[in-house]
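Engineer: Just work.cif, nothing more (mmCIF, C-alpha atoms, pLDDT in the B column; chains and numbers go by the auth columns):
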data_coords
loop_
_atom_site.group_PDB
_atom_site.id
_atom_site.type_symbol
_atom_site.label_atom_id
_atom_site.label_comp_id
_atom_site.label_asym_id
_atom_site.label_seq_id
_atom_site.Cartn_x
_atom_site.Cartn_y
_atom_site.Cartn_z
_atom_site.B_iso_or_equiv
_atom_site.auth_seq_id
_atom_site.auth_asym_id
ATOM 1 C CA MET A 1 0.000 0.000 0.000 38.00 1 A
ATOM 2 C CA ALA A 2 1.143 3.545 -0.706 46.00 2 A
ATOM 3 C CA GLY A 3 1.002 4.510 2.977 47.00 3 A
ATOM 4 C CA SER A 4 3.496 1.788 3.932 71.00 4 A
ATOM 5 C CA ARG A 5 6.197 3.107 1.576 85.00 5 A
ATOM 6 C CA THR A 6 8.144 6.314 1.288 91.00 6 A
ATOM 7 C CA TYR A 7 8.548 7.903 -2.145 94.00 7 A
ATOM 8 C CA TRP A 8 11.438 10.247 -2.822 95.00 8 A
ATOM 9 C CA ALA A 9 10.985 13.105 -5.299 95.00 9 A
ATOM 10 C CA VAL A 10 14.472 14.322 -6.187 95.00 10 A
ATOM 11 C CA ASP A 11 15.426 17.320 -8.311 91.00 11 A
ATOM 12 C CA ALA A 12 18.440 19.608 -8.448 88.00 12 A
ATOM 13 C CA GLU A 13 16.203 22.697 -8.834 85.00 13 A
ATOM 14 C CA PRO A 14 14.680 24.017 -5.565 88.00 14 A
ATOM 15 C CA ASP A 15 11.710 25.462 -7.465 83.00 15 A
ATOM 16 C CA MET A 16 10.715 22.005 -8.670 84.00 16 A
ATOM 17 C CA THR A 17 10.967 20.351 -5.267 91.00 17 A
ATOM 18 C CA ASP A 18 8.914 23.253 -3.858 90.00 18 A
ATOM 19 C CA VAL A 19 6.149 22.486 -6.386 87.00 19 A
ATOM 20 C CA VAL A 20 6.146 18.778 -5.532 91.00 20 A
ATOM 21 C CA ARG A 21 6.178 19.509 -1.803 93.00 21 A
ATOM 22 C CA ALA A 22 3.185 21.834 -2.143 93.00 22 A
ATOM 23 C CA LYS A 23 1.243 19.281 -4.192 91.00 23 A
ATOM 24 C CA ALA A 24 2.071 16.468 -1.761 93.00 24 A
ATOM 25 C CA THR A 25 0.954 18.587 1.195 93.00 25 A
ATOM 26 C CA ALA A 26 -2.298 19.554 -0.560 93.00 26 A
ATOM 27 C CA ALA A 27 -2.993 15.877 -1.291 93.00 27 A
ATOM 28 C CA GLY A 28 -2.162 14.783 2.246 92.00 28 A
ATOM 29 C CA ALA A 29 0.632 12.591 0.857 90.00 29 A
ATOM 30 C CA ALA A 30 2.857 12.410 3.900 90.00 30 A
ATOM 31 C CA HIS A 31 4.714 9.443 2.370 92.00 31 A
ATOM 32 C CA VAL A 32 6.318 11.711 -0.293 94.00 32 A
ATOM 33 C CA ARG A 33 9.720 13.066 0.673 94.00 33 A
ATOM 34 C CA THR A 34 11.142 15.888 -1.434 95.00 34 A
ATOM 35 C CA VAL A 35 14.909 16.157 -1.796 95.00 35 A
ATOM 36 C CA THR A 36 16.821 18.948 -3.523 95.00 36 A
ATOM 37 C CA ALA A 37 19.990 17.370 -4.853 94.00 37 A
ATOM 38 C CA GLY A 38 21.682 16.296 -8.049 92.00 38 A
ATOM 39 C CA ALA A 39 21.697 12.566 -8.750 93.00 39 A
ATOM 40 C CA GLU A 40 25.492 12.594 -8.507 92.00 40 A
ATOM 41 C CA ASP A 41 25.321 14.077 -4.975 92.00 41 A
ATOM 42 C CA LEU A 42 22.260 12.332 -3.539 94.00 42 A
ATOM 43 C CA HIS A 43 22.797 10.478 -0.253 93.00 43 A
ATOM 44 C CA ALA A 44 20.720 7.309 0.063 94.00 44 A
ATOM 45 C CA ARG A 45 21.290 4.022 1.849 94.00 45 A
ATOM 46 C CA PRO A 46 22.322 0.954 -0.160 96.00 46 A
ATOM 47 C CA ALA A 47 19.542 -1.411 -1.290 96.00 47 A
ATOM 48 C CA GLY A 48 16.934 1.067 -0.060 95.00 48 A
ATOM 49 C CA PHE A 49 14.718 1.323 -3.154 97.00 49 A
ATOM 50 C CA GLU A 50 12.556 -1.024 -5.200 96.00 50 A
ATOM 51 C CA LEU A 51 12.279 1.326 -8.182 97.00 51 A
ATOM 52 C CA ILE A 52 14.191 4.366 -9.412 98.00 52 A
ATOM 53 C CA VAL A 53 12.676 6.503 -12.179 97.00 53 A
ATOM 54 C CA ILE A 54 14.663 9.079 -14.160 96.00 54 A
ATOM 55 C CA GLY A 55 12.366 11.174 -16.312 92.00 55 A
ATOM 56 C CA ASN A 56 13.684 12.922 -19.441 89.00 56 A
ATOM 57 C CA ALA A 57 16.992 13.558 -17.702 89.00 57 A
ATOM 58 C CA PHE A 58 19.510 10.705 -17.992 92.00 58 A
ATOM 59 C CA HIS A 59 21.225 12.451 -20.915 88.00 59 A
ATOM 60 C CA ARG A 60 21.810 15.463 -18.665 85.00 60 A
ATOM 61 C CA LEU A 61 23.527 13.430 -15.957 89.00 61 A
ATOM 62 C CA ARG A 62 26.956 11.851 -15.722 92.00 62 A
ATOM 63 C CA ARG A 63 25.512 8.570 -16.866 94.00 63 A
ATOM 64 C CA THR A 64 28.177 6.128 -15.729 95.00 64 A
ATOM 65 C CA PRO A 65 28.490 7.225 -12.082 96.00 65 A
ATOM 66 C CA VAL A 66 24.728 7.730 -11.784 96.00 66 A
ATOM 67 C CA ALA A 67 24.063 4.236 -13.140 97.00 67 A
ATOM 68 C CA GLN A 68 26.585 2.787 -10.679 97.00 68 A
ATOM 69 C CA ARG A 69 25.019 4.654 -7.768 97.00 69 A
ATOM 70 C CA ALA A 70 21.497 3.642 -8.817 97.00 70 A
ATOM 71 C CA LEU A 71 22.531 -0.007 -8.911 97.00 71 A
ATOM 72 C CA ALA A 72 23.796 0.253 -5.327 97.00 72 A
ATOM 73 C CA TRP A 73 20.622 2.006 -4.158 97.00 73 A
ATOM 74 C CA LEU A 74 18.332 -0.709 -5.541 97.00 74 A
ATOM 75 C CA LYS A 75 17.353 -3.887 -3.763 96.00 75 A
ATOM 76 C CA PRO A 76 18.303 -7.070 -5.647 96.00 76 A
ATOM 77 C CA GLY A 77 15.643 -7.499 -8.336 97.00 77 A
ATOM 78 C CA GLY A 78 14.751 -3.804 -8.178 97.00 78 A
ATOM 79 C CA CYS A 79 14.437 -1.794 -11.376 97.00 79 A
ATOM 80 C CA LEU A 80 15.676 1.440 -12.914 98.00 80 A
ATOM 81 C CA ALA A 81 13.325 3.037 -15.450 98.00 81 A
ATOM 82 C CA LEU A 82 14.647 5.643 -17.877 97.00 82 A
ATOM 83 C CA CYS A 83 11.508 7.459 -19.010 96.00 83 A
ATOM 84 C CA TRP A 84 11.172 9.692 -22.065 94.00 84 A
ATOM 85 C CA SER A 85 8.409 11.652 -23.733 94.00 85 A
ATOM 86 C CA THR A 86 8.023 13.784 -26.833 94.00 86 A
ATOM 87 C CA SER A 87 8.025 17.551 -26.346 95.00 87 A
ATOM 88 C CA PRO A 88 5.047 19.798 -27.166 96.00 88 A
ATOM 89 C CA TRP A 89 7.226 22.132 -29.257 96.00 89 A
ATOM 90 C CA ALA A 90 8.572 19.295 -31.420 93.00 90 A
ATOM 91 C CA GLY A 91 5.361 18.343 -33.236 92.00 91 A
ATOM 92 C CA SER A 92 4.008 19.261 -36.656 94.00 92 A
ATOM 93 C CA GLN A 93 0.793 21.053 -35.671 96.00 93 A
ATOM 94 C CA ASP A 94 0.580 24.799 -36.276 96.00 94 A
ATOM 95 C CA TRP A 95 0.489 25.617 -32.557 97.00 95 A
ATOM 96 C CA GLN A 96 3.539 23.413 -31.934 97.00 96 A
ATOM 97 C CA ARG A 97 5.557 25.115 -34.654 97.00 97 A
ATOM 98 C CA ALA A 98 4.474 28.507 -33.303 97.00 98 A
ATOM 99 C CA LEU A 99 5.500 27.447 -29.797 97.00 99 A
ATOM 100 C CA ASP A 100 8.902 26.266 -31.016 97.00 100 A
ATOM 101 C CA SER A 101 9.538 29.609 -32.744 97.00 101 A
ATOM 102 C CA LYS A 102 8.419 31.527 -29.672 97.00 102 A
ATOM 103 C CA LEU A 103 10.674 29.537 -27.350 96.00 103 A
ATOM 104 C CA GLN A 104 13.677 30.034 -29.617 95.00 104 A
ATOM 105 C CA ALA A 105 12.992 33.768 -29.718 96.00 105 A
ATOM 106 C CA TRP A 106 12.817 33.978 -25.927 96.00 106 A
ATOM 107 C CA GLN A 107 15.978 31.930 -25.493 95.00 107 A
ATOM 108 C CA SER A 108 17.758 34.344 -27.805 94.00 108 A
ATOM 109 C CA THR A 109 16.335 37.393 -26.016 95.00 109 A
ATOM 110 C CA LEU A 110 17.352 36.101 -22.581 94.00 110 A
ATOM 111 C CA GLY A 111 20.754 34.837 -23.722 92.00 111 A
ATOM 112 C CA ALA A 112 19.734 31.259 -22.916 88.00 112 A
ATOM 113 C CA SER A 113 20.342 29.621 -26.292 83.00 113 A
ATOM 114 C CA GLY A 114 23.540 28.009 -25.028 77.00 114 A
ATOM 115 C CA ARG A 115 21.773 26.171 -22.203 70.00 115 A
ATOM 116 C CA VAL A 116 21.189 23.300 -24.667 65.00 116 A
ATOM 117 C CA PRO A 117 24.683 22.771 -26.112 59.00 117 A
ATOM 118 C CA SER A 118 25.103 21.614 -29.673 63.00 118 A
ATOM 119 C CA GLY A 119 25.988 17.950 -29.961 65.00 119 A
ATOM 120 C CA TRP A 120 24.530 17.212 -26.544 64.00 120 A
ATOM 121 C CA ASP A 121 23.357 13.765 -27.714 74.00 121 A
ATOM 122 C CA GLU A 122 26.639 12.663 -29.267 82.00 122 A
ATOM 123 C CA SER A 123 27.778 10.625 -26.252 82.00 123 A
ATOM 124 C CA ARG A 124 24.482 8.717 -26.295 85.00 124 A
ATOM 125 C CA ARG A 125 24.928 7.910 -29.978 86.00 125 A
ATOM 126 C CA GLN A 126 28.435 6.627 -29.314 90.00 126 A
ATOM 127 C CA GLU A 127 27.356 4.636 -26.265 91.00 127 A
ATOM 128 C CA PRO A 128 23.571 4.100 -25.911 93.00 128 A
ATOM 129 C CA ASP A 129 21.972 4.222 -22.479 94.00 129 A
ATOM 130 C CA ARG A 130 21.456 0.460 -22.378 93.00 130 A
ATOM 131 C CA ALA A 131 25.201 -0.064 -22.875 95.00 131 A
ATOM 132 C CA VAL A 132 25.959 2.284 -19.980 96.00 132 A
ATOM 133 C CA LEU A 133 23.509 0.395 -17.781 97.00 133 A
ATOM 134 C CA ALA A 134 24.917 -2.998 -18.766 97.00 134 A
ATOM 135 C CA ARG A 135 28.449 -1.848 -17.989 96.00 135 A
ATOM 136 C CA ALA A 136 27.250 -0.717 -14.544 97.00 136 A
ATOM 137 C CA GLY A 137 25.885 -4.214 -13.848 97.00 137 A
ATOM 138 C CA PHE A 138 22.216 -3.964 -14.818 97.00 138 A
ATOM 139 C CA GLU A 139 20.244 -6.607 -16.691 97.00 139 A
ATOM 140 C CA ALA A 140 18.086 -5.350 -19.572 95.00 140 A
ATOM 141 C CA ALA A 141 14.370 -5.771 -18.849 95.00 141 A
ATOM 142 C CA GLY A 142 12.915 -4.354 -22.067 94.00 142 A
ATOM 143 C CA ARG A 143 11.885 -1.104 -23.738 93.00 143 A
ATOM 144 C CA HIS A 144 8.209 -0.154 -23.791 94.00 144 A
ATOM 145 C CA THR A 145 6.394 2.591 -25.744 96.00 145 A
ATOM 146 C CA PHE A 146 2.891 4.011 -25.750 96.00 146 A
ATOM 147 C CA SER A 147 0.992 7.161 -26.751 97.00 147 A
ATOM 148 C CA VAL A 148 -1.558 9.280 -24.894 96.00 148 A
ATOM 149 C CA GLU A 149 -3.680 12.189 -26.111 97.00 149 A
ATOM 150 C CA HIS A 150 -3.071 15.194 -23.898 97.00 150 A
ATOM 151 C CA HIS A 151 -4.933 18.511 -23.641 97.00 151 A
ATOM 152 C CA TRP A 152 -2.950 21.555 -22.494 97.00 152 A
ATOM 153 C CA THR A 153 -4.181 24.843 -21.162 97.00 153 A
ATOM 154 C CA ILE A 154 -1.771 27.657 -21.945 97.00 154 A
ATOM 155 C CA ARG A 155 -1.158 28.089 -18.224 95.00 155 A
ATOM 156 C CA GLU A 156 -0.191 24.413 -17.904 95.00 156 A
ATOM 157 C CA LEU A 157 2.074 24.707 -20.917 96.00 157 A
ATOM 158 C CA ALA A 158 3.795 27.750 -19.406 96.00 158 A
ATOM 159 C CA GLY A 159 4.333 25.776 -16.202 92.00 159 A
ATOM 160 C CA PHE A 160 5.761 22.841 -18.125 92.00 160 A
ATOM 161 C CA ILE A 161 8.209 25.120 -19.927 94.00 161 A
ATOM 162 C CA ARG A 162 9.409 26.346 -16.534 90.00 162 A
ATOM 163 C CA SER A 163 10.375 22.752 -15.708 85.00 163 A
ATOM 164 C CA THR A 164 12.820 22.621 -18.626 86.00 164 A
ATOM 165 C CA SER A 165 16.537 23.256 -18.442 82.00 165 A
ATOM 166 C CA PHE A 166 16.422 25.999 -21.093 88.00 166 A
ATOM 167 C CA LEU A 167 13.749 28.366 -19.683 92.00 167 A
ATOM 168 C CA PRO A 168 13.457 27.637 -15.952 89.00 168 A
ATOM 169 C CA PRO A 169 12.208 30.306 -13.504 89.00 169 A
ATOM 170 C CA SER A 170 15.788 31.384 -12.816 88.00 170 A
ATOM 171 C CA VAL A 171 16.198 32.324 -16.505 93.00 171 A
ATOM 172 C CA LEU A 172 12.769 33.904 -17.013 95.00 172 A
ATOM 173 C CA ALA A 173 13.216 35.830 -13.751 93.00 173 A
ATOM 174 C CA GLU A 174 11.587 39.281 -13.956 97.00 174 A
ATOM 175 C CA HIS A 175 10.427 38.552 -17.531 97.00 175 A
ATOM 176 C CA ALA A 176 8.081 35.739 -16.411 96.00 176 A
ATOM 177 C CA ALA A 177 4.848 37.754 -16.663 97.00 177 A
ATOM 178 C CA GLU A 178 5.861 39.150 -20.062 97.00 178 A
ATOM 179 C CA PHE A 179 6.665 35.626 -21.278 97.00 179 A
ATOM 180 C CA ASP A 180 3.271 34.334 -20.143 97.00 180 A
ATOM 181 C CA ALA A 181 1.472 37.192 -21.874 97.00 181 A
ATOM 182 C CA ASP A 182 3.445 36.635 -25.083 97.00 182 A
ATOM 183 C CA LEU A 183 2.698 32.904 -24.998 97.00 183 A
ATOM 184 C CA THR A 184 -1.003 33.577 -24.489 97.00 184 A
ATOM 185 C CA ALA A 185 -1.116 36.073 -27.357 96.00 185 A
ATOM 186 C CA GLU A 186 0.660 33.633 -29.686 96.00 186 A
ATOM 187 C CA LEU A 187 -1.252 30.466 -28.832 96.00 187 A
ATOM 188 C CA GLY A 188 -4.591 31.740 -27.564 95.00 188 A
ATOM 189 C CA ARG A 189 -6.134 32.034 -31.015 92.00 189 A
ATOM 190 C CA GLN A 190 -5.217 28.402 -31.761 95.00 190 A
ATOM 191 C CA THR A 191 -6.964 26.845 -28.773 96.00 191 A
ATOM 192 C CA VAL A 192 -10.172 24.816 -29.036 94.00 192 A
ATOM 193 C CA ASN A 193 -12.319 25.103 -25.917 94.00 193 A
ATOM 194 C CA ASP A 194 -9.293 26.746 -24.265 94.00 194 A
ATOM 195 C CA ARG A 195 -7.179 23.658 -24.932 97.00 195 A
ATOM 196 C CA LEU A 196 -4.262 22.675 -27.170 97.00 196 A
ATOM 197 C CA THR A 197 -4.223 18.984 -28.044 97.00 197 A
ATOM 198 C CA GLU A 198 -1.282 16.740 -28.867 96.00 198 A
ATOM 199 C CA THR A 199 -0.529 13.042 -28.926 96.00 199 A
ATOM 200 C CA VAL A 200 2.364 12.498 -26.537 96.00 200 A
ATOM 201 C CA GLY A 201 4.700 9.593 -27.217 96.00 201 A
ATOM 202 C CA PHE A 202 6.155 7.909 -24.138 96.00 202 A
ATOM 203 C CA ALA A 203 8.908 5.322 -23.772 96.00 203 A
ATOM 204 C CA TYR A 204 10.767 3.716 -20.912 95.00 204 A
ATOM 205 C CA GLU A 205 13.925 1.651 -20.841 94.00 205 A
ATOM 206 C CA LEU A 206 13.740 -0.819 -17.962 97.00 206 A
ATOM 207 C CA ALA A 207 16.839 -2.295 -16.338 97.00 207 A
ATOM 208 C CA ARG A 208 17.037 -4.615 -13.332 98.00 208 A
ATOM 209 C CA ARG A 209 19.577 -5.149 -10.593 98.00 209 A
ATOM 210 C CA PRO A 210 20.386 -8.870 -10.691 97.00 210 A
ATOM 211 C CA THR A 211 19.070 -10.910 -7.787 93.00 211 A
ATOM 212 C CA ALA A 212 21.599 -12.472 -5.468 73.00 212 A
ATOM 213 C CA ALA A 213 22.726 -15.944 -6.464 46.00 213 A
#
What is this file in structure tokens?
Structural biologist:
Amino acid sequence: MAGSRTYWAVDAEPDMTDVVRAKATAAGAAHVRTVTAGAEDLHARPAGFELIVIGNAFHRLRRTPVAQRALAWLKPGGCLALCWSTSPWAGSQDWQRALDSKLQAWQSTLGASGRVPSGWDESRRQEPDRAVLARAGFEAAGRHTFSVEHHWTIRELAGFIRSTSFLPPSVLAEHAAEFDADLTAELGRQTVNDRLTETVGFAYELARRPTAA
């Protein structure tokens, strides 16, 4: 049962752990523990977790040491799930192309274009995630994909953008209200019933810590 377990929500950005903490408190979820730390610096006891989930972030981490640490944190037979999803600005719909252009313009205006370095995915092409996990001692447990239709409000979309590495609250800073107004002006005329709809593609790579012999 959920009440008999403790769930850790870990993020390096204090703003994100603040959001999770507020939501957990509002839901009465006392079993959720928020931790502000990078995966490379997190302190956790060995074999203390049944499942570790890394969402849309493994490429941003030092993959080898994080995989090694995750293996040690898992109980034998426990799993690591690398989760991925498509981005709302990467689709082919008119509102998605407009959003992509708007985000690029704001990154340029705020001097944030370099926050996503060119060639950032090269190391993953040279050594895929599954190879990194295998070298750390994990057993492959399969890759799974699925799609879900999602309906955004512009406010939700603005909040999601704040969770990214390229336009977080620390970058938007005093321009946050102006950004929200610009986003609303650009996308508001493309909403249907105040919603923007996309089909989100999800995938997760599952790896398991071997059980003891």
Engineer: What would the selection look like, as a PyMOL selection string, if the PyMOL selection byres ((chain A and resi 192-199) around 12) were run on the coordinates I just shared?
Structural biologist: chain A and resi 85-96+99+146-157+184+187-191+200-202
Engineer: Please identify all polymer residues within 10 Å of Lys102 (chain A), counting all atoms listed in the file, omitting same-chain residues fewer than 4 positions from it, and present them as a CSV table (one decimal) with C-alpha atoms, in the frame of the given file.
Structural biologist:
chain,number,residue,atom,x,y,z
A,89,TRP,CA,7.2,22.1,-29.3
A,96,GLN,CA,3.5,23.4,-31.9
A,97,ARG,CA,5.6,25.1,-34.7
A,98,ALA,CA,4.5,28.5,-33.3
A,106,TRP,CA,12.8,34.0,-25.9
A,107,GLN,CA,16.0,31.9,-25.5
A,108,SER,CA,17.8,34.3,-27.8
A,179,PHE,CA,6.7,35.6,-21.3
A,182,ASP,CA,3.4,36.6,-25.1
A,183,LEU,CA,2.7,32.9,-25.0
A,186,GLU,CA,0.7,33.6,-29.7
A,187,LEU,CA,-1.3,30.5,-28.8
Engineer: Carefully work through the PyMOL selection byres ((chain A and resi 52) around 7) for this structure and note down the residues it includes, as a ChimeraX atom specification.
Structural biologist: /A:49,51,53-54,79-81
Engineer: Would you translate the PyMOL selection byres ((chain A and resi 70) around 10) into the concrete set of residues it matches in this file, as a PyMOL selection string?
Structural biologist: chain A and resi 39-40+44+46-47+49+51-53+64-69+71-75+79-80+133+136+138+209
Engineer: In Å, with one decimal, what is the gap from CA of Phe166 (chain A) to CA of Ser123 (chain A)?
Structural biologist: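 That distance, rounded to one decimal, is 19.8 Å.
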Engineer: Counting only C-alpha atoms, which residues have an atom no more than 10 Å from (20.8, 0.4, -24.3) in the file's coordinates? Please list them as a PyMOL selection string.
Structural biologist: chain A and resi 124+127-134+140+142-143+205-207
Engineer: Grab the residues selected above and save them as a CSV table (one decimal), in the frame of the given file with C-alpha atoms.
Structural biologist:
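What landed in selection20.csv:
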chain,number,residue,atom,x,y,z
A,124,ARG,CA,24.5,8.7,-26.3
A,127,GLU,CA,27.4,4.6,-26.3
A,128,PRO,CA,23.6,4.1,-25.9
A,129,ASP,CA,22.0,4.2,-22.5
A,130,ARG,CA,21.5,0.5,-22.4
A,131,ALA,CA,25.2,-0.1,-22.9
A,132,VAL,CA,26.0,2.3,-20.0
A,133,LEU,CA,23.5,0.4,-17.8
A,134,ALA,CA,24.9,-3.0,-18.8
A,140,ALA,CA,18.1,-5.4,-19.6
A,142,GLY,CA,12.9,-4.4,-22.1
A,143,ARG,CA,11.9,-1.1,-23.7
A,205,GLU,CA,13.9,1.7,-20.8
A,206,LEU,CA,13.7,-0.8,-18.0
A,207,ALA,CA,16.8,-2.3,-16.3
Engineer: Looking at A:Ala57, A:Leu82, A:Leu167, A:Ala141, which one is nearest to Leu110 (chain A), with distances taken over all atoms listed in the file?
Structural biologist: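 Closest to Leu110 (chain A), using all atoms listed in the file: A:Leu167.
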Engineer: Quick one, how far is CA of Ala112 (chain A) from CA of Val171 (chain A)?
Structural biologist: 7.4 Å
Engineer: One number please: CA of Tyr204 (chain A) to CA of Arg63 (chain A), in Å, one decimal.
Structural biologist: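 So the answer is 16.0 Å.
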Engineer: Go through A:Gly159, A:Pro14, A:Gly137, A:Pro76 and flag the residue nearest Gly38 (chain A), using all atoms listed in the file for the distances.
Structural biologist: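 Between A:Gly159, A:Pro14, A:Gly137, A:Pro76, the residue approaching Gly38 (chain A) most closely is A:Pro14.
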Engineer: In terms of the shortest atom-to-atom distance over only C-alpha atoms, which of A:Ser113, A:Asn56, A:His43, A:Ser163 is closest to Val20 (chain A)?
Structural biologist: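 For Val20 (chain A), the nearest of the given residues is A:Ser163.
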Engineer: Using only C-alpha atoms, find the one residue out of A:Arg5, A:Trp84, A:Thr34, A:Val10 that sits nearest to Thr145 (chain A).
Structural biologist: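 Nearest to Thr145 (chain A): A:Trp84.
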Engineer: Excluding same-chain residues fewer than 2 positions from Ala9 (chain A), what lies within 10 Å of it counting only C-alpha atoms, as a PyMOL selection string?
Structural biologist: chain A and resi 6-7+11+16-17+20-21+32-37+53
Engineer: From the list A:Arg125, A:Ala203, A:Thr164, A:Ala158, which residue is nearest Glu178 (chain A) when using all atoms listed in the file?
Structural biologist: A:Ala158
Engineer: Report, as JSON, the centre and edge lengths in Å (one decimal) of the axis-aligned box enclosing every listed atom of region 132-136 of chain A, padded by 4 Å on each side.
Structural biologist:
{"center_x": 26.0, "center_y": -0.4, "center_z": -17.3, "size_x": 12.9, "size_y": 13.3, "size_z": 13.4}
